[in-house]
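Asks: Contents are mmCIF, C-alpha atoms; file name final.cif:
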data_model
#
loop_
_atom_site.label_atom_id
_atom_site.label_comp_id
_atom_site.auth_asym_id
_atom_site.auth_seq_id
_atom_site.Cartn_x
_atom_site.Cartn_y
_atom_site.Cartn_z
CA MET A 1 -50.28 48.64 -5.55
CA LYS A 2 -52.41 45.73 -6.67
CA THR A 3 -53.46 43.37 -3.89
CA HIS A 4 -52.71 39.70 -4.51
CA LEU A 5 -55.18 37.61 -2.53
CA PHE A 6 -53.30 34.38 -3.16
CA SER A 7 -50.59 35.32 -0.76
CA LEU A 8 -47.85 34.18 1.54
CA ALA A 9 -50.37 34.58 4.34
CA PHE A 10 -52.84 32.50 2.33
CA PHE A 11 -50.33 29.63 2.42
CA PHE A 12 -50.39 29.91 6.20
CA PHE A 13 -54.10 30.27 6.77
CA ALA A 14 -56.14 28.81 3.96
CA LEU A 15 -54.70 25.63 2.46
CA VAL A 16 -56.48 23.59 5.13
CA HIS A 17 -59.22 25.15 7.27
CA GLY A 18 -58.77 23.37 10.56
CA MET A 19 -56.90 20.80 12.60
CA HIS A 20 -59.65 18.22 12.26
CA LEU A 21 -59.35 18.19 8.45
CA ASP A 22 -55.73 17.13 8.33
CA PRO A 23 -54.92 13.66 9.72
CA LYS A 24 -51.25 14.66 10.10
CA CYS A 25 -52.27 16.99 12.92
CA SER A 26 -53.19 14.06 15.14
CA ILE A 27 -49.88 12.22 14.70
CA GLN A 28 -48.31 11.88 18.13
CA ASP A 29 -44.77 12.90 18.97
CA GLN A 30 -42.40 9.97 19.41
CA SER A 31 -39.28 9.26 21.45
CA SER A 32 -37.51 12.61 21.94
CA ASN A 33 -38.78 14.07 18.66
CA LEU A 34 -41.52 16.67 18.62
CA LYS A 35 -43.42 17.98 15.64
CA VAL A 36 -42.85 21.69 15.08
CA TYR A 37 -45.74 23.64 13.61
CA HIS A 38 -45.89 27.11 12.17
CA ILE A 39 -48.40 29.19 14.14
CA TYR A 40 -50.44 29.71 10.96
CA SER A 41 -50.37 26.07 9.87
CA PRO A 42 -53.45 23.85 9.46
CA CYS A 43 -52.54 22.25 12.80
CA SER A 44 -52.52 25.55 14.70
CA PRO A 45 -55.54 27.19 16.32
CA PHE A 46 -53.81 30.57 16.12
CA ARG A 47 -54.50 31.23 12.43
CA PRO A 48 -56.45 34.46 11.84
CA ALA A 49 -59.96 33.69 10.66
CA LYS A 50 -59.67 36.03 7.69
CA PRO A 51 -56.79 35.53 5.24
CA LEU A 52 -54.70 38.63 4.63
CA SER A 53 -53.53 39.96 1.30
CA TRP A 54 -49.90 39.31 0.49
CA GLU A 55 -48.93 42.94 1.11
CA GLU A 56 -50.78 42.98 4.44
CA SER A 57 -49.16 39.73 5.60
CA VAL A 58 -45.64 40.91 4.75
CA LEU A 59 -46.15 44.26 6.44
CA GLN A 60 -47.51 42.54 9.54
CA MET A 61 -44.52 40.20 9.73
CA GLN A 62 -42.17 43.12 9.23
CA ALA A 63 -43.77 45.02 12.09
CA LYS A 64 -43.42 41.95 14.27
CA ASP A 65 -39.76 41.61 13.36
CA GLN A 66 -38.97 45.27 13.93
CA ALA A 67 -40.32 45.06 17.45
CA ARG A 68 -38.62 41.73 18.11
CA LEU A 69 -35.25 43.16 17.08
CA GLN A 70 -35.74 45.94 19.60
CA PHE A 71 -36.75 43.34 22.18
CA LEU A 72 -33.64 41.27 21.51
CA SER A 73 -31.47 44.35 21.76
CA SER A 74 -33.08 45.16 25.10
CA LEU A 75 -32.07 41.70 26.32
CA VAL A 76 -28.48 42.42 25.34
CA ALA A 77 -28.60 45.78 27.09
CA GLY A 78 -30.01 44.15 30.22
CA LYS A 79 -32.95 46.50 30.55
CA SER A 80 -36.70 46.37 30.12
CA PHE A 81 -37.77 47.80 26.79
CA VAL A 82 -41.31 47.88 25.47
CA PRO A 83 -41.50 49.11 21.89
CA ILE A 84 -44.37 51.42 20.99
CA ALA A 85 -46.07 51.00 17.64
CA SER A 86 -48.46 53.52 16.16
CA GLY A 87 -51.61 52.48 14.37
CA ARG A 88 -51.65 48.77 15.22
CA GLN A 89 -50.90 46.25 17.89
CA ILE A 90 -47.72 44.30 17.29
CA ILE A 91 -47.82 40.55 17.80
CA GLN A 92 -44.36 39.38 18.73
CA SER A 93 -45.14 35.77 19.45
CA PRO A 94 -42.50 33.40 18.10
CA THR A 95 -43.39 31.73 14.84
CA TYR A 96 -43.24 28.01 15.70
CA ILE A 97 -45.04 25.89 18.30
CA VAL A 98 -44.76 22.38 19.76
CA ARG A 99 -47.13 20.23 21.80
CA ALA A 100 -46.28 19.79 25.45
CA LYS A 101 -48.21 17.89 28.10
CA ILE A 102 -48.36 19.49 31.53
CA GLY A 103 -49.41 18.03 34.88
CA THR A 104 -51.09 14.86 36.12
CA PRO A 105 -53.38 13.97 34.42
CA ALA A 106 -51.69 15.55 31.42
CA GLN A 107 -53.10 18.66 29.77
CA THR A 108 -51.88 19.47 26.24
CA MET A 109 -50.61 22.99 25.51
CA LEU A 110 -49.23 24.39 22.26
CA MET A 111 -46.12 26.20 23.42
CA ALA A 112 -43.99 28.57 21.36
CA VAL A 113 -40.31 27.65 21.00
CA ASP A 114 -37.94 30.55 21.53
CA THR A 115 -34.16 30.16 21.41
CA SER A 116 -33.65 33.65 22.85
CA ASN A 117 -35.50 33.06 26.12
CA ASP A 118 -34.87 30.76 29.05
CA ALA A 119 -37.70 30.06 31.46
CA ALA A 120 -40.92 28.40 30.38
CA TRP A 121 -44.17 30.09 31.29
CA ILE A 122 -47.74 28.90 30.91
CA PRO A 123 -51.11 30.65 31.43
CA CYS A 124 -52.79 29.12 34.47
CA THR A 125 -56.28 28.96 35.95
CA ALA A 126 -57.80 32.36 36.82
CA CYS A 127 -55.15 34.23 34.82
CA VAL A 128 -56.24 37.80 34.09
CA GLY A 129 -55.79 38.76 30.45
CA CYS A 130 -54.86 35.28 29.22
CA SER A 131 -56.45 33.40 26.34
CA SER A 132 -59.29 30.95 26.85
CA THR A 133 -56.91 27.96 26.85
CA VAL A 134 -55.11 27.76 30.19
CA PHE A 135 -53.41 25.07 32.23
CA ASN A 136 -55.74 24.07 35.06
CA ASN A 137 -53.11 23.76 37.77
CA VAL A 138 -55.78 23.06 40.40
CA LYS A 139 -56.56 19.71 38.74
CA SER A 140 -52.95 18.54 38.56
CA THR A 141 -51.94 16.26 41.42
CA THR A 142 -48.23 16.90 40.79
CA PHE A 143 -48.40 20.71 40.71
CA LYS A 144 -46.66 22.68 43.45
CA SER A 145 -45.49 26.20 44.14
CA VAL A 146 -41.82 27.08 44.49
CA GLY A 147 -40.92 28.75 47.76
CA CYS A 148 -39.02 31.99 48.21
CA GLY A 149 -36.06 30.15 49.69
CA ALA A 150 -35.59 27.92 46.65
CA PRO A 151 -32.51 28.64 44.51
CA GLN A 152 -34.72 28.94 41.42
CA CYS A 153 -36.35 32.05 42.92
CA LYS A 154 -33.05 33.89 42.47
CA GLN A 155 -32.91 32.93 38.79
CA VAL A 156 -36.13 34.61 37.65
CA PRO A 157 -36.39 38.31 36.73
CA ASN A 158 -37.68 40.67 39.42
CA PRO A 159 -38.60 38.06 42.06
CA THR A 160 -41.02 39.06 44.82
CA CYS A 161 -42.26 37.24 47.89
CA GLY A 162 -45.65 38.32 49.18
CA GLY A 163 -45.93 35.10 51.13
CA SER A 164 -44.09 31.82 51.05
CA ALA A 165 -44.40 31.44 47.25
CA CYS A 166 -42.00 33.02 44.77
CA ALA A 167 -43.51 35.37 42.19
CA PHE A 168 -41.89 37.37 39.41
CA ASN A 169 -42.59 39.91 36.68
CA LEU A 170 -41.13 40.23 33.21
CA THR A 171 -41.63 42.03 29.92
CA TYR A 172 -41.82 40.07 26.69
CA GLY A 173 -41.88 42.35 23.71
CA GLY A 174 -44.95 44.50 24.22
CA SER A 175 -46.42 42.39 27.02
CA SER A 176 -46.07 42.51 30.78
CA ILE A 177 -46.34 39.18 32.56
CA ALA A 178 -46.85 38.34 36.23
CA ALA A 179 -46.34 34.73 37.27
CA ASN A 180 -45.87 32.44 40.24
CA LEU A 181 -42.85 30.20 40.11
CA SER A 182 -44.14 26.62 40.01
CA GLN A 183 -43.21 23.03 39.32
CA ASP A 184 -44.99 20.15 37.64
CA THR A 185 -44.36 17.22 35.32
CA VAL A 186 -43.81 18.34 31.73
CA THR A 187 -43.91 15.63 29.07
CA LEU A 188 -42.20 16.30 25.75
CA ALA A 189 -42.91 13.60 23.17
CA THR A 190 -42.68 10.47 25.36
CA ASP A 191 -40.22 11.92 27.89
CA PRO A 192 -41.72 12.88 31.27
CA ILE A 193 -39.72 15.55 33.10
CA PRO A 194 -40.81 15.67 36.75
CA ASN A 195 -40.55 18.83 38.85
CA TYR A 196 -40.00 21.09 35.86
CA THR A 197 -39.75 24.71 37.02
CA PHE A 198 -41.82 27.26 35.09
CA GLY A 199 -43.83 30.43 35.53
CA CYS A 200 -47.55 29.94 36.13
CA ILE A 201 -48.94 33.16 34.63
CA THR A 202 -51.47 35.00 36.79
CA LYS A 203 -51.79 38.21 34.75
CA THR A 204 -50.71 39.46 31.34
CA THR A 205 -51.20 42.66 29.39
CA GLY A 206 -50.51 43.32 25.73
CA SER A 207 -50.61 40.92 22.79
CA SER A 208 -47.02 39.72 22.58
CA ALA A 209 -47.13 36.69 24.86
CA PRO A 210 -47.75 33.37 23.08
CA PRO A 211 -51.37 32.38 23.90
CA GLN A 212 -50.58 28.95 25.38
CA GLY A 213 -47.14 29.66 26.78
CA LEU A 214 -43.50 29.54 25.85
CA LEU A 215 -40.77 26.91 26.04
CA GLY A 216 -37.40 28.60 26.50
CA LEU A 217 -34.57 26.99 24.52
CA GLY A 218 -31.88 29.46 25.57
CA ARG A 219 -28.77 28.65 27.61
CA GLY A 220 -29.77 30.19 30.95
CA PRO A 221 -30.26 28.36 34.29
CA LEU A 222 -34.04 27.83 33.97
CA SER A 223 -34.05 26.87 30.29
CA LEU A 224 -35.04 23.45 28.97
CA LEU A 225 -31.36 22.70 28.34
CA SER A 226 -30.35 23.43 31.92
CA GLN A 227 -33.27 21.61 33.55
CA THR A 228 -32.85 18.48 31.43
CA GLN A 229 -29.07 18.31 31.35
CA ASN A 230 -28.96 14.66 32.40
CA LEU A 231 -31.70 13.68 29.95
CA TYR A 232 -30.80 15.68 26.83
CA GLN A 233 -27.18 16.66 27.57
CA SER A 234 -27.81 20.29 26.56
CA THR A 235 -28.22 19.31 22.92
CA PHE A 236 -31.11 19.81 20.51
CA SER A 237 -31.82 20.53 16.88
CA TYR A 238 -34.77 21.67 14.87
CA CYS A 239 -35.84 21.68 11.25
CA LEU A 240 -38.28 24.47 10.41
CA PRO A 241 -40.68 23.87 7.53
CA SER A 242 -40.95 26.31 4.66
CA PHE A 243 -43.86 28.72 4.48
CA LYS A 244 -44.80 26.87 1.28
CA SER A 245 -45.01 23.44 2.91
CA LEU A 246 -48.43 21.82 2.73
CA ASN A 247 -47.77 19.91 5.96
CA PHE A 248 -46.32 22.76 8.00
CA SER A 249 -44.61 20.37 10.38
CA GLY A 250 -40.92 20.19 11.11
CA THR A 251 -39.20 18.50 14.03
CA LEU A 252 -37.57 19.41 17.31
CA ARG A 253 -35.07 16.67 18.23
CA LEU A 254 -33.99 16.65 21.87
CA GLY A 255 -30.73 15.10 23.02
CA PRO A 256 -27.63 13.86 21.17
CA THR A 257 -29.26 10.66 19.84
CA GLY A 258 -30.18 10.87 16.18
CA GLN A 259 -28.42 14.16 15.51
CA PRO A 260 -26.61 14.40 12.16
CA LYS A 261 -23.03 13.15 12.27
CA ARG A 262 -21.83 14.90 9.14
CA ILE A 263 -22.71 18.53 9.63
CA LYS A 264 -20.87 21.80 9.17
CA THR A 265 -20.37 23.65 12.46
CA THR A 266 -19.24 27.00 13.81
CA PRO A 267 -18.19 27.79 17.40
CA LEU A 268 -20.67 29.30 19.84
CA LEU A 269 -19.49 32.53 21.42
CA LYS A 270 -20.09 33.56 25.03
CA ASN A 271 -21.56 36.93 25.88
CA PRO A 272 -21.62 37.58 29.64
CA ARG A 273 -24.18 40.35 29.11
CA ARG A 274 -26.66 37.86 27.68
CA SER A 275 -25.41 34.33 28.17
CA SER A 276 -28.58 32.67 26.86
CA LEU A 277 -28.34 34.00 23.29
CA TYR A 278 -26.70 31.85 20.60
CA TYR A 279 -23.90 34.07 19.30
CA VAL A 280 -21.71 33.01 16.37
CA ASN A 281 -18.89 34.67 14.46
CA LEU A 282 -20.16 35.87 11.07
CA VAL A 283 -16.99 36.88 9.24
CA ALA A 284 -18.22 37.68 5.71
CA ILE A 285 -21.14 37.42 3.29
CA ARG A 286 -20.93 36.34 -0.33
CA VAL A 287 -23.45 37.22 -3.04
CA GLY A 288 -23.06 34.77 -5.88
CA ARG A 289 -19.34 34.03 -6.00
CA ARG A 290 -18.14 37.41 -4.77
CA VAL A 291 -17.50 38.37 -1.14
CA VAL A 292 -19.08 41.77 -0.55
CA ASP A 293 -17.16 44.62 1.05
CA ILE A 294 -18.50 45.00 4.60
CA PRO A 295 -16.85 47.10 7.32
CA PRO A 296 -15.52 44.61 9.90
CA ALA A 297 -17.19 46.51 12.75
CA ALA A 298 -20.64 45.73 11.28
CA LEU A 299 -20.10 42.00 11.85
CA ALA A 300 -17.75 41.99 14.85
CA PHE A 301 -18.72 40.28 18.08
CA ASN A 302 -18.39 42.69 21.00
CA PRO A 303 -19.12 41.13 24.41
CA ALA A 304 -18.84 44.57 26.04
CA THR A 305 -21.86 45.91 24.14
CA GLY A 306 -23.58 42.69 23.05
CA ALA A 307 -23.18 43.46 19.34
CA GLY A 308 -22.63 40.55 16.98
CA THR A 309 -24.63 37.83 15.25
CA ILE A 310 -27.16 35.38 16.71
CA PHE A 311 -29.36 32.56 15.48
CA ASP A 312 -32.97 33.20 16.54
CA SER A 313 -36.06 31.06 16.04
CA GLY A 314 -38.55 33.88 16.64
CA THR A 315 -37.47 36.48 14.07
CA VAL A 316 -38.92 35.87 10.61
CA PHE A 317 -36.59 37.80 8.28
CA THR A 318 -32.82 38.12 8.68
CA ARG A 319 -31.67 41.56 9.83
CA LEU A 320 -28.19 42.93 9.31
CA ALA A 321 -26.49 46.05 10.64
CA ILE A 322 -27.00 48.87 8.15
CA PRO A 323 -23.48 48.82 6.60
CA ALA A 324 -23.66 45.04 6.14
CA TYR A 325 -27.18 45.06 4.75
CA THR A 326 -26.45 47.93 2.36
CA ALA A 327 -23.44 46.09 0.94
CA VAL A 328 -25.38 42.83 0.50
CA ARG A 329 -28.40 44.58 -0.99
CA ASP A 330 -26.34 46.54 -3.52
CA ALA A 331 -24.46 43.40 -4.59
CA PHE A 332 -27.76 41.52 -4.91
CA ARG A 333 -29.28 44.26 -7.08
CA LYS A 334 -26.20 44.32 -9.30
CA ARG A 335 -26.34 40.54 -9.82
CA VAL A 336 -30.09 40.56 -10.57
CA GLY A 337 -29.59 43.12 -13.32
CA ASN A 338 -30.94 46.41 -14.52
CA PHE A 339 -34.55 46.08 -13.45
CA THR A 340 -36.64 48.73 -11.72
CA VAL A 341 -36.51 48.30 -7.95
CA THR A 342 -39.56 49.06 -5.83
CA THR A 343 -40.28 48.83 -2.11
CA LEU A 344 -42.76 47.12 0.19
CA GLY A 345 -42.79 48.47 3.72
CA GLY A 346 -39.32 47.88 5.17
CA PHE A 347 -38.23 45.78 2.18
CA ASP A 348 -36.37 48.02 -0.23
CA THR A 349 -35.40 45.50 -2.93
CA CYS A 350 -38.56 44.33 -4.67
CA TYR A 351 -39.29 43.63 -8.33
CA THR A 352 -42.48 43.51 -10.37
CA VAL A 353 -40.94 41.27 -13.05
CA PRO A 354 -39.55 37.72 -12.73
CA ILE A 355 -35.92 37.66 -11.63
CA VAL A 356 -33.12 35.13 -11.38
CA SER A 357 -31.77 35.35 -7.84
CA PRO A 358 -28.12 34.83 -6.97
CA THR A 359 -27.30 32.72 -3.95
CA ILE A 360 -26.24 34.39 -0.72
CA THR A 361 -23.64 32.69 1.48
CA PHE A 362 -23.17 33.44 5.17
CA MET A 363 -19.53 32.79 5.98
CA PHE A 364 -19.02 31.84 9.64
CA SER A 365 -15.87 30.70 11.38
CA GLY A 366 -15.37 27.18 10.05
CA MET A 367 -18.67 27.00 8.16
CA ASN A 368 -20.28 28.46 5.05
CA VAL A 369 -24.06 28.33 4.61
CA THR A 370 -25.26 28.98 1.06
CA LEU A 371 -28.92 29.88 0.76
CA PRO A 372 -30.94 29.09 -2.36
CA PRO A 373 -33.70 31.41 -3.66
CA ASP A 374 -36.40 29.73 -1.53
CA ASN A 375 -34.62 31.03 1.57
CA LEU A 376 -34.04 34.47 0.09
CA LEU A 377 -37.17 35.61 -1.75
CA ILE A 378 -40.77 36.18 -0.85
CA HIS A 379 -43.17 36.48 -3.74
CA SER A 380 -46.84 36.30 -4.54
CA THR A 381 -47.87 33.25 -6.51
CA ALA A 382 -49.66 35.63 -8.88
CA GLY A 383 -46.18 36.81 -9.85
CA GLY A 384 -46.87 40.44 -9.11
CA ILE A 385 -43.96 41.26 -6.82
CA THR A 386 -40.82 39.58 -5.49
CA CYS A 387 -38.73 40.90 -2.59
CA LEU A 388 -35.36 40.11 -1.06
CA ALA A 389 -36.44 38.76 2.35
CA MET A 390 -33.87 40.62 4.42
CA ALA A 391 -33.72 44.10 5.90
CA ALA A 392 -31.55 46.45 7.89
CA ALA A 393 -31.53 46.09 11.67
CA PRO A 394 -32.97 49.05 13.58
CA ASP A 395 -30.23 51.53 14.35
CA ASN A 396 -31.93 53.22 17.30
CA VAL A 397 -30.44 50.85 19.87
CA ASN A 398 -27.03 50.76 21.49
CA SER A 399 -26.11 47.23 20.45
CA VAL A 400 -27.04 46.38 16.87
CA LEU A 401 -27.58 42.66 16.44
CA ASN A 402 -27.30 40.74 13.20
CA VAL A 403 -30.02 38.09 13.40
CA ILE A 404 -30.10 34.92 11.28
CA ALA A 405 -33.87 34.48 11.21
CA ASN A 406 -36.22 31.58 10.70
CA MET A 407 -37.00 32.11 6.99
CA GLN A 408 -33.30 31.78 6.26
CA GLN A 409 -33.14 28.70 8.55
CA GLN A 410 -36.07 26.88 6.92
CA ASN A 411 -35.37 23.49 5.35
CA HIS A 412 -32.12 23.23 7.28
CA ARG A 413 -31.33 21.14 10.35
CA ILE A 414 -29.97 23.59 12.93
CA LEU A 415 -27.99 21.82 15.65
CA PHE A 416 -27.39 23.49 19.02
CA ASP A 417 -24.60 21.53 20.69
CA VAL A 418 -23.85 23.42 23.90
CA PRO A 419 -21.43 20.90 25.51
CA ASN A 420 -19.19 21.17 22.46
CA SER A 421 -19.94 24.89 22.12
CA ARG A 422 -21.03 24.81 18.50
CA ILE A 423 -23.93 25.36 16.11
CA GLY A 424 -24.31 23.12 13.07
CA VAL A 425 -26.25 23.63 9.85
CA ALA A 426 -27.20 20.99 7.25
CA ARG A 427 -29.69 21.07 4.38
CA GLU A 428 -32.77 18.96 5.09
CA PRO A 429 -36.35 19.03 3.77
CA CYS A 430 -38.42 19.84 6.85
CA THR A 431 -41.81 18.54 5.76
#
Could you take the file, read its structure, and then write that structure out as structure tokens?
Replies:
Amino acid sequence: MKTHLFSLAFFFFALVHGMHLDPKCSIQDQSSNLKVYHIYSPCSPFRPAKPLSWEESVLQMQAKDQARLQFLSSLVAGKSFVPIASGRQIIQSPTYIVRAKIGTPAQTMLMAVDTSNDAAWIPCTACVGCSSTVFNNVKSTTFKSVGCGAPQCKQVPNPTCGGSACAFNLTYGGSSIAANLSQDTVTLATDPIPNYTFGCITKTTGSSAPPQGLLGLGRGPLSLLSQTQNLYQSTFSYCLPSFKSLNFSGTLRLGPTGQPKRIKTTPLLKNPRRSSLYYVNLVAIRVGRRVVDIPPAALAFNPATGAGTIFDSGTVFTRLAIPAYTAVRDAFRKRVGNFTVTTLGGFDTCYTVPIVSPTITFMFSGMNVTLPPDNLLIHSTAGGITCLAMAAAPDNVNSVLNVIANMQQQNHRILFDVPNSRIGVAREPCT
């Protein structure tokens, strides 16, 4: 297959070659609004130095998603699960980052946002296996350790107490993380949050952990929502920029102020097996104007097993249970017409000629979300190949999750309104 050097990855890595060249990168966050950057944007230091070909970039993102789906399923199952990949290391870091200021005096960290995790964790001084950028907790006058007797110590995974301080261990995708439970002032935009509880990482192995830490936007007791309930009232929204955006900056809006008033919503569902995940009721999928025939069990929410549908900020391409995906794919192919279909890695609906894509509509309880071609297709600008940017969920796990991923969320305002138990979606250019 011909390699197209002007690629999706090239959009990420090569339009601007550094933070200092783009004045937008120095714009400060304001009020309770934070800029959201793609990890491969001009404002991110995490871009690979060498641009990848389009095929290489897609295959790498697919590998990341495959492992993340297994990771999410392990969360549902309530067990540790480290996927093994042959031939390459899998990077499972979430796709979008925000600036956070930690400590006194403040130190800026670029933290990944992850709606499927709760606690924040940050690499700290003398961390073994961490990147070169760490939070120097020794220099912060407001930093303190959390004791074993604190209630927060019971809320972290696998807590241990070698002394008076609380420590814990967790797995994140293919990484193992050891951290001390700590507190310090965390400033998001212009909002200081004193005594924020987070994990101060002392050791990490593997390549899955975000290099400068993670900000958990789940619903659990140590998440940002829970720790800032009085400030943000367990409400936030984000708008994720398209891969094609020249600015690569969306927004994370914290709190009820400024959230869209007219927005379509669907109820949040509660799963006691994994209360932090954002489950919704996906009842049907429409390709063009026709609802496709999907076995109800492929979409059904099952709190006993954890099966169902979630919104996730860290998965790139939407994954559907095999019966649901097969039905959608076949309907899509039929609507596109009688063209030869080829494959690219895990994508099985690709074309080497220009196509006219039908819309795809996710039909939730009380809300329909119709996606235009920009949210459905990945294609090289050279015009060599175009693929439907969805795939089947891995079937080697007990609880198959349908995941509405970030490519399908791009250029939409996604509202997470926990007090009113709902998720909202509205079209919005996220540049």
Asks: Taking only C-alpha atoms into account, name the residue in A:Thr340, A:Thr318, A:Asn406, A:Thr266 that is nearest to Asn368 (chain A).
Replies: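 Answer, going by the shortest atom-to-atom distance: A:Thr266.
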Asks: Given the choices A:Ala321, A:Thr343, A:Ser44, A:Leu415, which gets closest to Arg262 (chain A) if the distance is worked out from only C-alpha atoms?
Replies: A:Leu415
Asks: Work out how far CA of Val283 (chain A) is from CA of Pro296 (chain A), in Å to one decimal.
Replies: 7.9 Å
Asks: For Ile385 (chain A), please output as a list in words all residues within 7 Å (counting only C-alpha atoms; exclusion window: fewer than 6 positions along the same chain).
Replies: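 Near Ile385 (chain A), the qualifying residues are Cys350, Tyr351, Thr352, Val353 and His379 of chain A.
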Asks: Rounded to one decimal, what separation in Å do you get between CA of Ser145 (chain A) and CA of Asn169 (chain A)?
Replies: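 CA of Asn169 (chain A) lies at a distance of 15.9 Å from CA of Ser145 (chain A).
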Asks: Carefully work through the PyMOL selection byres ((chain A and resi 268) around 12) for this structure and note down the residues it includes, as a ChimeraX atom specification.
Replies: /A:219,265-267,269-271,275-282,301,308-311,364-366,415-424
Asks: Let me make sure I understand: among A:Thr205, A:Thr104, A:Ser116, A:Thr141, which one has the smallest atom-to-atom distance to Val403 (chain A) if we use all atoms listed in the file?
Replies: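 With all atoms listed in the file as the atom set, the closest residue is A:Ser116.
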Asks: Let me make sure I understand: among A:Gly174, A:Pro323, A:Gly255, A:Gly147, which one has the smallest atom-to-atom distance to Ile294 (chain A) if we use only C-alpha atoms?
Replies: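 Answer, going by the shortest atom-to-atom distance: A:Pro323.
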Asks: Decode the PyMOL selection byres ((chain A and resi 124) around 7) for the given file into explicit residues and return them as a list in words.
Replies: Ile122, Pro123, Thr125, Ala126, Cys127, Val134, Phe135, Asn136, Asn137, Cys200, Ile201 and Thr202 of chain A
Asks: Rounded to one decimal in Å, what is the spacing between CA of Ser223 (chain A) and CA of Ser313 (chain A)?
Replies: 15.0 Å
Asks: Quick one: residues within 7 Å of Thr361 (chain A), all atoms listed in the file, excluding same-chain residues fewer than 5 positions away - as a list of chain:residue names?
Replies: A:Ile285, A:Arg286, A:Val287, A:Asn368, A:Val369, A:Thr370, A:Leu371
Asks: Restricting it to C-alpha atoms, dump the selection as a JSON list (two decimals), in the frame of the given file.
Replies:
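again-v6.json, freshly written:
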[["chain", "number", "residue", "atom", "x", "y", "z"],
["A", 285, "ILE", "CA", -21.14, 37.42, 3.29],
["A", 286, "ARG", "CA", -20.93, 36.34, -0.33],
["A", 287, "VAL", "CA", -23.45, 37.22, -3.04],
["A", 368, "ASN", "CA", -20.28, 28.46, 5.05],
["A", 369, "VAL", "CA", -24.06, 28.33, 4.61],
["A", 370, "THR", "CA", -25.26, 28.98, 1.06],
["A", 371, "LEU", "CA", -28.92, 29.88, 0.76]]
Asks: Taking the file as shown, what set of residues would the PyMOL selection byres ((chain A and resi 378) around 8) give back, as a list in words?
Replies: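 Here the PyMOL selection byres ((chain A and resi 378) around 8) matches Leu8, Asp374, Leu376, Leu377, His379, Ser380, Thr386, Cys387, Leu388 and Ala389 of chain A.
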Asks: What's the 12 Å shell around Asn375 (chain A), counting all atoms listed in the file, without same-chain residues fewer than 5 positions away, as a VMD selection string?
Replies: chain A and resid 240 to 244 316 to 318 357 to 361 369 to 370 387 to 390 404 to 412 427
Asks: The selected residues should be written to file as a PDB file, in the coordinates of the input (atoms: C-alpha atoms).
Replies:
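Full text of result.pdb as output:
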ATOM      1  CA  LEU A 240     -38.280  24.470  10.410  1.00  0.00           C
ATOM      2  CA  PRO A 241     -40.680  23.870   7.530  1.00  0.00           C
ATOM      3  CA  SER A 242     -40.950  26.310   4.660  1.00  0.00           C
ATOM      4  CA  PHE A 243     -43.860  28.720   4.480  1.00  0.00           C
ATOM      5  CA  LYS A 244     -44.800  26.870   1.280  1.00  0.00           C
ATOM      6  CA  VAL A 316     -38.920  35.870  10.610  1.00  0.00           C
ATOM      7  CA  PHE A 317     -36.590  37.800   8.280  1.00  0.00           C
ATOM      8  CA  THR A 318     -32.820  38.120   8.680  1.00  0.00           C
ATOM      9  CA  SER A 357     -31.770  35.350  -7.840  1.00  0.00           C
ATOM     10  CA  PRO A 358     -28.120  34.830  -6.970  1.00  0.00           C
ATOM     11  CA  THR A 359     -27.300  32.720  -3.950  1.00  0.00           C
ATOM     12  CA  ILE A 360     -26.240  34.390  -0.720  1.00  0.00           C
ATOM     13  CA  THR A 361     -23.640  32.690   1.480  1.00  0.00           C
ATOM     14  CA  VAL A 369     -24.060  28.330   4.610  1.00  0.00           C
ATOM     15  CA  THR A 370     -25.260  28.980   1.060  1.00  0.00           C
ATOM     16  CA  CYS A 387     -38.730  40.900  -2.590  1.00  0.00           C
ATOM     17  CA  LEU A 388     -35.360  40.110  -1.060  1.00  0.00           C
ATOM     18  CA  ALA A 389     -36.440  38.760   2.350  1.00  0.00           C
ATOM     19  CA  MET A 390     -33.870  40.620   4.420  1.00  0.00           C
ATOM     20  CA  ILE A 404     -30.100  34.920  11.280  1.00  0.00           C
ATOM     21  CA  ALA A 405     -33.870  34.480  11.210  1.00  0.00           C
ATOM     22  CA  ASN A 406     -36.220  31.580  10.700  1.00  0.00           C
ATOM     23  CA  MET A 407     -37.000  32.110   6.990  1.00  0.00           C
ATOM     24  CA  GLN A 408     -33.300  31.780   6.260  1.00  0.00           C
ATOM     25  CA  GLN A 409     -33.140  28.700   8.550  1.00  0.00           C
ATOM     26  CA  GLN A 410     -36.070  26.880   6.920  1.00  0.00           C
ATOM     27  CA  ASN A 411     -35.370  23.490   5.350  1.00  0.00           C
ATOM     28  CA  HIS A 412     -32.120  23.230   7.280  1.00  0.00           C
ATOM     29  CA  ARG A 427     -29.690  21.070   4.380  1.00  0.00           C
TER      30      ARG A 427
END
Asks: Skipping near chain neighbours, those fewer than 6 positions away, what residues fall within 8 Å of Ser237 (chain A) using all atoms listed in the file, listed as a VMD selection string?
Replies: chain A and resid 252 to 254 259 413 to 416
Asks: Under the rule that only C-alpha atoms are counted, which of A:Gly103, A:Pro157, A:Gly162, A:Gly220 is the nearest residue to Val138 (chain A)?
Replies: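 Looking only at the distances to Val138 (chain A), the closest residue turns out to be A:Gly103.
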Asks: Ranking A:Val186, A:Leu72, A:Leu224, A:Cys25 by minimum distance to Thr171 (chain A) and counting only C-alpha atoms, which one comes first?
Replies: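 Among the listed residues, the smallest separation from Thr171 (chain A) belongs to A:Leu72.
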Asks: With 3 Å of padding per side, what axis-aligned box (centre and edge lengths, Å, one decimal) covers all the listed atoms of region 199-213 of chain A? Give it as JSON.
Replies:
{"center_x": -47.8, "center_y": 36.1, "center_z": 29.7, "size_x": 14.0, "size_y": 20.4, "size_z": 20.2}
